[in-house]
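Trainee: Below are the structure tokens for one structure; questions will follow.
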Amino acid sequence: MHIFRFASTLLLGSGLAFAQSTSAPANKAAVPVEPRTLHSFDLSAIDKSVDPCVDFYAYACGNWRKNNPIPGDQARWGRFNELNERDRYLLYLDLSRAANNPQTPLQQKYGAFFAACMNSDLADQLGEKPILPVLANIDALTDKQGLAPLVARLQADDATGAFFRFDTEQDQKDSTRQIGAAFQSGLTLPDRDYYLLDDARMTKIREQYKEYIISLFKLAGDNDDKAAAEAANVLAIETALAKGSLPRVDLRDPDKRYHLLPVSDLNTLAPSFDWSAYLSGIRAPAIHELNIGTPDFFKAMNEVIQSQSLDSLKSYLRFHALSGAAPWLSSPYVDLNYGFFQKTLQGQAEQTARWKRCTALTDRALGEAVGQDWVKENFPPQAKANMEKLVAALEKSLDEDIQNLPWMTADTKKQAEAKLAAFRQKIGYPEKWRDYSKLEVKSDDLVGNIRRSSAFETAYDLNKIGKPVDEKEWGMTPPTVNAYYDPSNNDINFPAGILQPPFFDNSIDPAVNFGAIGVVIGHEMTHGFDDQGSKFDAQGNVKNWWTPADRSAFDKRTDCEVNEYGGFEPVPGQKLNGKLTLGENTADNGGLRIAYQALMSVLASQGGDASTQKIDGYTPSQRFFISFAQVWCENRTEQYARVSARTDPHSPGMFRANGAVRNFEQFGKAFGCHKGQPMMPDDPCVVW
């Protein structure tokens, strides 16, 4: 989704357009099987041979990890994946029925999209034919002056990313405005470091990447020499773009990604690119100024356009068109794409079943069409009402937490409370559904459907420029297993997909719900006050609302988290980046604390022995912490763990669980730990 590019999520999301990182080829032998029923509190997952005060994650998840090896079609397997598989299966049932026997115009549309995706026999018959018109447009480029309108066409009409990304965002200095924004992009490997670091692992990955590029060009008809030459061109251009790209840590800073410029200044920043032709080509409305999020990148892009030959630029564009479309072409393309992006980079042993990736693709393309039927079946009104009560309890808890902070002065507390009071919430699904009537879908044209859907989304997005902000718009589809906080809207968002067991269960005791979905709610709320969210005010504008002394105290406390998490090592020789993961770590720690406080308030209101009564041998406090940790039960391939350590702003599950509980003294009290044990250190990091 465009507008939530910098929203803070519980997990990472995915996009719609042709993209290598979301690809997974068809496993025709796999058939849909209903996943097992999920439970919110899993006694069988607990390994009682482990001391919870030494390694709580191993205690809460030890048996789960032993009994849940990573499936062949996954690179990571955890409780989120379990729920995602269940939600995807339920969505598949809706899509399959709609493909075979649609009952409404919406079902006819998303059923046709799904049917086209599932037709692997037709894809094999067509080969690369669906992408040939795009390649022909690239081959027709005769001079560099024509590059800008060609890039515009690729981005706006052909679902092909190239060089940079252009979309709409709220002006971070005036959140009532929606403006155009251009940001660095154009790389294929997971991060700029993959092009720039010279250690043995990165060098090998680049060699494997080069082989993938060569193989792709040969599959498309190049001879050996031409394929090698084109691969060298692609690597040279992407490496130059990587050198000009801002590191991920810097991209987290709103001040470093905001540079409002008049459109006329673009010709000074990157004079070799015809910006007028580009803006006209993407059919953008009249734009007088826009945010150039990463100016140095566009200087590097300009140098690439100047120094690289026309043939080199065409090689780069050809590759992005071919590689982006490869997951949806014939089997040789699908298998080649899987072999590098899933198997080599992430350690995924098997191809993902076609029904799974077609379900996911249809959800991304027509999420609010599919979602209308899905929520009717899987998210009853009572669930939404109960979720609203939980959110209210967490808001009250966070307000009390702010009031009682020992390190924040009254002036800043007043501003923090004003921001919290202005929080908006979206639960389950949109109040108003998207209109897809103008999107053309054909049951025998998968690649065409993807291109038309991408063009539809691009036009929808760019049409917002200069328009009032729609505060009720969603950035995730209803079946999504995720949640997010958007700093420019100052709102928290919980799709129906995550509001299911094991995260949310109307029938379970409060301790388990507060430990699971309660911490998720608290996590998203705390994002409004993490190192990035705290720079936005109640209206969603980047504005300092802190006294200098309070900001200094805040930074000192977050520095503690940077050092703490920066010492965690998920795989040998690869530590976490404490600065990259800071926002998510702060949200985990704050979410755990305020969810626990909210639970205690609820139990106190019930009176009697509510706060001490045991269930399954555990007190409410213990069940709360176990429920929290079990959200993060997971196994990862080594390759996936290494990619994540460099690119993911979220810490791995073991550190999300242990890192948060070791910083919260109530955990130690609940399990009888003593100071100095690993889960009850003498110097915990406490922010909120």
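Order determines the names: the first chain of the structure tokens is A, the second B, and so forth; residues in each chain are numbered 1 upward, and ligands are numbered 1 upward as they are shown.
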List every residue of segment 117-344 of chain A that DSSP, applied to the backbone of this structure, places in helix (DSSP H, G or I), and write the result as a count of residues only.
Mentor: 147
Trainee: Output as a PyMOL selection string all residues of segment 108-269 of chain A that backbone DSSP marks as strand (DSSP E or B).
Mentor: chain A and resi 162+164-171+174-184+260-262
Trainee: Once you have the residues from the selection above, write them out as a tab-separated table (two decimals), in the first residue's frame, restricted to C-alpha atoms.
Mentor:
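Result file follows (again-v2.tsv):
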chain	number	residue	atom	x	y	z
A	162	ALA	CA	12.45	0.89	-11.98
A	164	PHE	CA	12.66	4.99	-7.86
A	165	ARG	CA	9.20	4.96	-6.34
A	166	PHE	CA	6.65	7.75	-6.75
A	167	ASP	CA	3.41	7.89	-4.79
A	168	THR	CA	1.27	9.96	-2.46
A	169	GLU	CA	1.88	10.73	1.19
A	170	GLN	CA	0.64	13.08	3.85
A	171	ASP	CA	2.85	16.12	4.21
A	174	ASP	CA	1.02	19.58	7.46
A	175	SER	CA	-0.84	16.29	7.79
A	176	THR	CA	-4.01	17.77	6.24
A	177	ARG	CA	-2.21	17.89	2.87
A	178	GLN	CA	-1.54	15.00	0.52
A	179	ILE	CA	1.51	15.50	-1.68
A	180	GLY	CA	3.55	13.63	-4.24
A	181	ALA	CA	6.69	11.90	-2.99
A	182	ALA	CA	9.67	10.30	-4.70
A	183	PHE	CA	11.92	7.81	-2.89
A	184	GLN	CA	14.87	5.56	-3.58
A	260	LEU	CA	10.04	19.47	0.11
A	261	LEU	CA	11.08	20.92	-3.24
A	262	PRO	CA	9.40	22.87	-6.03
Trainee: In terms of the shortest atom-to-atom distance over only C-alpha atoms, which of A:Arg623, A:Leu366, A:Pro684, A:Ser644 is closest to Ile46 of chain A?
Mentor: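 Of the candidates, the smallest distance to Ile46 of chain A is held by A:Arg623.
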Trainee: Mind checking which residues fall within 12 Å of Phe628 of chain A, counting only C-alpha atoms, ignoring those fewer than 4 positions away in the same chain, and posting them as number ranges by chain?
Mentor: A: 40-42, 56-57, 60-61, 79, 502-504, 511-520, 522-523, 588-589, 591-593, 595-596, 621-624, 632-633, 653-654, 656-658, 660-661, 667
Trainee: Fewer than 4 positions away in the same chain doesn't count, so skip those; otherwise give me all residues within 9 Å of segment 563-579 of chain A, counting only C-alpha atoms, as JSON, numbers by chain.
Mentor: {"A": [249, 558, 559, 583, 585, 638, 641, 642, 644, 645, 646, 649, 651, 652, 654, 655, 659, 685]}
Trainee: From the set A:Val687, A:Val234, A:Ile508, A:Ala229, which residue has the shortest atom-to-atom contact distance to Arg318 of chain A, counting only C-alpha atoms?
Mentor: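 Of A:Val687, A:Val234, A:Ile508, A:Ala229, the one nearest Arg318 of chain A, counting only C-alpha atoms, is A:Val234.
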Trainee: Let me make sure I understand: among A:Asn482, A:Ser280, A:Ser454, A:Thr352, which one has the smallest atom-to-atom distance to Pro149 of chain A if we use only C-alpha atoms?
Mentor: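 So, comparing all the options, the nearest one is A:Ser280.
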Trainee: Residues near Gln342 of chain A, anyone? I mean within 12 Å using only C-alpha atoms, not counting same-chain ones fewer than 2 positions away, as a ChimeraX atom specification.
Mentor: /A:20-25,72-76,189-190,327,334-340,344-352,637,639-640,643
Trainee: Can I get the selected residues back with N, CA, C and O atoms, as a short mmCIF file (atom, residue, chain, number, x, y, z; two decimals), in the first residue's frame?
Mentor:
data_model
loop_
_atom_site.label_atom_id
_atom_site.label_comp_id
_atom_site.auth_asym_id
_atom_site.auth_seq_id
_atom_site.Cartn_x
_atom_site.Cartn_y
_atom_site.Cartn_z
N GLN A 20 10.03 -9.55 -6.66
CA GLN A 20 10.70 -10.81 -6.39
C GLN A 20 10.45 -11.29 -4.97
O GLN A 20 10.27 -12.46 -4.71
N SER A 21 10.44 -10.37 -4.02
CA SER A 21 10.40 -10.77 -2.62
C SER A 21 9.09 -11.41 -2.21
O SER A 21 9.01 -12.05 -1.18
N THR A 22 8.05 -11.27 -3.01
CA THR A 22 6.77 -11.90 -2.67
C THR A 22 6.47 -13.11 -3.54
O THR A 22 5.41 -13.68 -3.47
N SER A 23 7.43 -13.50 -4.34
CA SER A 23 7.16 -14.59 -5.26
C SER A 23 7.29 -15.94 -4.59
O SER A 23 8.04 -16.13 -3.65
N ALA A 24 6.55 -16.89 -5.12
CA ALA A 24 6.68 -18.28 -4.70
C ALA A 24 6.00 -19.12 -5.76
O ALA A 24 4.84 -18.94 -6.06
N PRO A 25 6.72 -20.00 -6.41
CA PRO A 25 6.17 -20.70 -7.56
C PRO A 25 5.16 -21.76 -7.22
O PRO A 25 4.95 -22.12 -6.08
N GLY A 72 8.21 -27.31 4.41
CA GLY A 72 9.08 -27.12 3.25
C GLY A 72 8.81 -25.87 2.46
O GLY A 72 9.72 -25.33 1.81
N ASP A 73 7.56 -25.37 2.49
CA ASP A 73 7.23 -24.20 1.67
C ASP A 73 7.32 -22.90 2.48
O ASP A 73 6.76 -21.89 2.08
N GLN A 74 8.04 -22.94 3.60
CA GLN A 74 8.21 -21.76 4.44
C GLN A 74 9.69 -21.57 4.75
O GLN A 74 10.46 -22.52 4.78
N ALA A 75 10.05 -20.32 5.02
CA ALA A 75 11.40 -20.02 5.51
C ALA A 75 11.36 -19.68 6.99
O ALA A 75 12.38 -19.71 7.66
N ARG A 76 10.18 -19.34 7.47
CA ARG A 76 9.94 -19.07 8.89
C ARG A 76 8.62 -19.72 9.24
O ARG A 76 7.66 -19.66 8.47
N LEU A 189 18.18 -7.01 -4.73
CA LEU A 189 18.61 -7.71 -3.53
C LEU A 189 17.98 -7.05 -2.30
O LEU A 189 17.52 -5.90 -2.38
N PRO A 190 17.95 -7.74 -1.15
CA PRO A 190 17.17 -7.24 -0.01
C PRO A 190 17.57 -5.88 0.54
O PRO A 190 16.74 -5.19 1.13
N PRO A 327 7.35 -14.77 -11.47
CA PRO A 327 6.53 -15.69 -10.66
C PRO A 327 5.18 -16.02 -11.28
O PRO A 327 4.51 -16.96 -10.84
N VAL A 334 9.03 -19.44 -13.26
CA VAL A 334 8.62 -19.58 -11.86
C VAL A 334 9.70 -20.31 -11.07
O VAL A 334 10.11 -19.88 -9.99
N ASP A 335 10.20 -21.40 -11.62
CA ASP A 335 11.20 -22.20 -10.91
C ASP A 335 12.51 -21.44 -10.74
O ASP A 335 13.16 -21.52 -9.69
N LEU A 336 12.91 -20.70 -11.77
CA LEU A 336 14.15 -19.93 -11.69
C LEU A 336 14.03 -18.85 -10.62
O LEU A 336 14.96 -18.64 -9.82
N ASN A 337 12.91 -18.17 -10.59
CA ASN A 337 12.69 -17.11 -9.61
C ASN A 337 12.70 -17.68 -8.20
O ASN A 337 13.33 -17.12 -7.29
N TYR A 338 12.00 -18.78 -8.01
CA TYR A 338 11.98 -19.44 -6.69
C TYR A 338 13.39 -19.85 -6.27
O TYR A 338 13.80 -19.66 -5.11
N GLY A 339 14.14 -20.41 -7.20
CA GLY A 339 15.46 -20.95 -6.87
C GLY A 339 16.38 -19.93 -6.26
O GLY A 339 17.18 -20.26 -5.37
N PHE A 340 16.28 -18.68 -6.71
CA PHE A 340 17.15 -17.67 -6.12
C PHE A 340 16.51 -16.98 -4.93
O PHE A 340 17.07 -16.94 -3.83
N THR A 344 17.63 -19.87 -2.30
CA THR A 344 18.99 -19.41 -2.01
C THR A 344 19.01 -18.34 -0.92
O THR A 344 19.74 -18.44 0.06
N LEU A 345 18.20 -17.29 -1.09
CA LEU A 345 18.25 -16.18 -0.14
C LEU A 345 17.63 -16.52 1.21
O LEU A 345 18.11 -16.08 2.25
N GLN A 346 16.54 -17.31 1.22
CA GLN A 346 15.81 -17.51 2.46
C GLN A 346 15.81 -18.94 2.97
O GLN A 346 15.32 -19.20 4.08
N GLY A 347 16.33 -19.88 2.20
CA GLY A 347 16.40 -21.25 2.67
C GLY A 347 15.10 -22.01 2.62
O GLY A 347 14.92 -23.01 3.31
N GLN A 348 14.16 -21.56 1.78
CA GLN A 348 12.87 -22.25 1.64
C GLN A 348 13.07 -23.49 0.77
O GLN A 348 13.47 -23.40 -0.38
N ALA A 349 12.76 -24.65 1.33
CA ALA A 349 13.13 -25.91 0.69
C ALA A 349 12.23 -26.30 -0.48
O ALA A 349 12.67 -27.00 -1.40
N GLU A 350 10.96 -25.89 -0.45
CA GLU A 350 10.01 -26.33 -1.47
C GLU A 350 9.26 -25.15 -2.05
O GLU A 350 9.13 -24.10 -1.42
N GLN A 351 8.73 -25.38 -3.22
CA GLN A 351 7.88 -24.38 -3.85
C GLN A 351 6.56 -24.25 -3.09
O GLN A 351 6.01 -25.23 -2.58
N THR A 352 6.06 -23.06 -3.02
CA THR A 352 4.78 -22.81 -2.38
C THR A 352 3.64 -23.22 -3.31
O THR A 352 3.68 -22.96 -4.51
N THR A 637 14.82 -20.54 9.16
CA THR A 637 16.01 -21.06 8.50
C THR A 637 17.16 -20.10 8.78
O THR A 637 16.95 -18.91 9.07
N GLN A 639 19.27 -18.94 6.66
CA GLN A 639 19.32 -17.90 5.62
C GLN A 639 18.31 -16.80 5.91
O GLN A 639 18.62 -15.61 5.78
N TYR A 640 17.10 -17.20 6.29
CA TYR A 640 16.07 -16.21 6.60
C TYR A 640 16.50 -15.35 7.79
O TYR A 640 16.32 -14.13 7.79
N VAL A 643 19.08 -12.74 6.63
CA VAL A 643 18.46 -11.64 5.87
C VAL A 643 17.71 -10.72 6.82
O VAL A 643 17.82 -9.49 6.75
#
Trainee: Quick one: distance from atom CA of Lys226 of chain A to atom CA of Ile214 of chain A in Å, one decimal?
Mentor: 8.8 Å
Trainee: Pick from A:Ser397, A:Gln155, A:Asn386, A:Asn489: nearest to Ser601 of chain A, with only C-alpha atoms counted?
Mentor: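 Nearest candidate to Ser601 of chain A out of A:Ser397, A:Gln155, A:Asn386, A:Asn489: A:Ser397.
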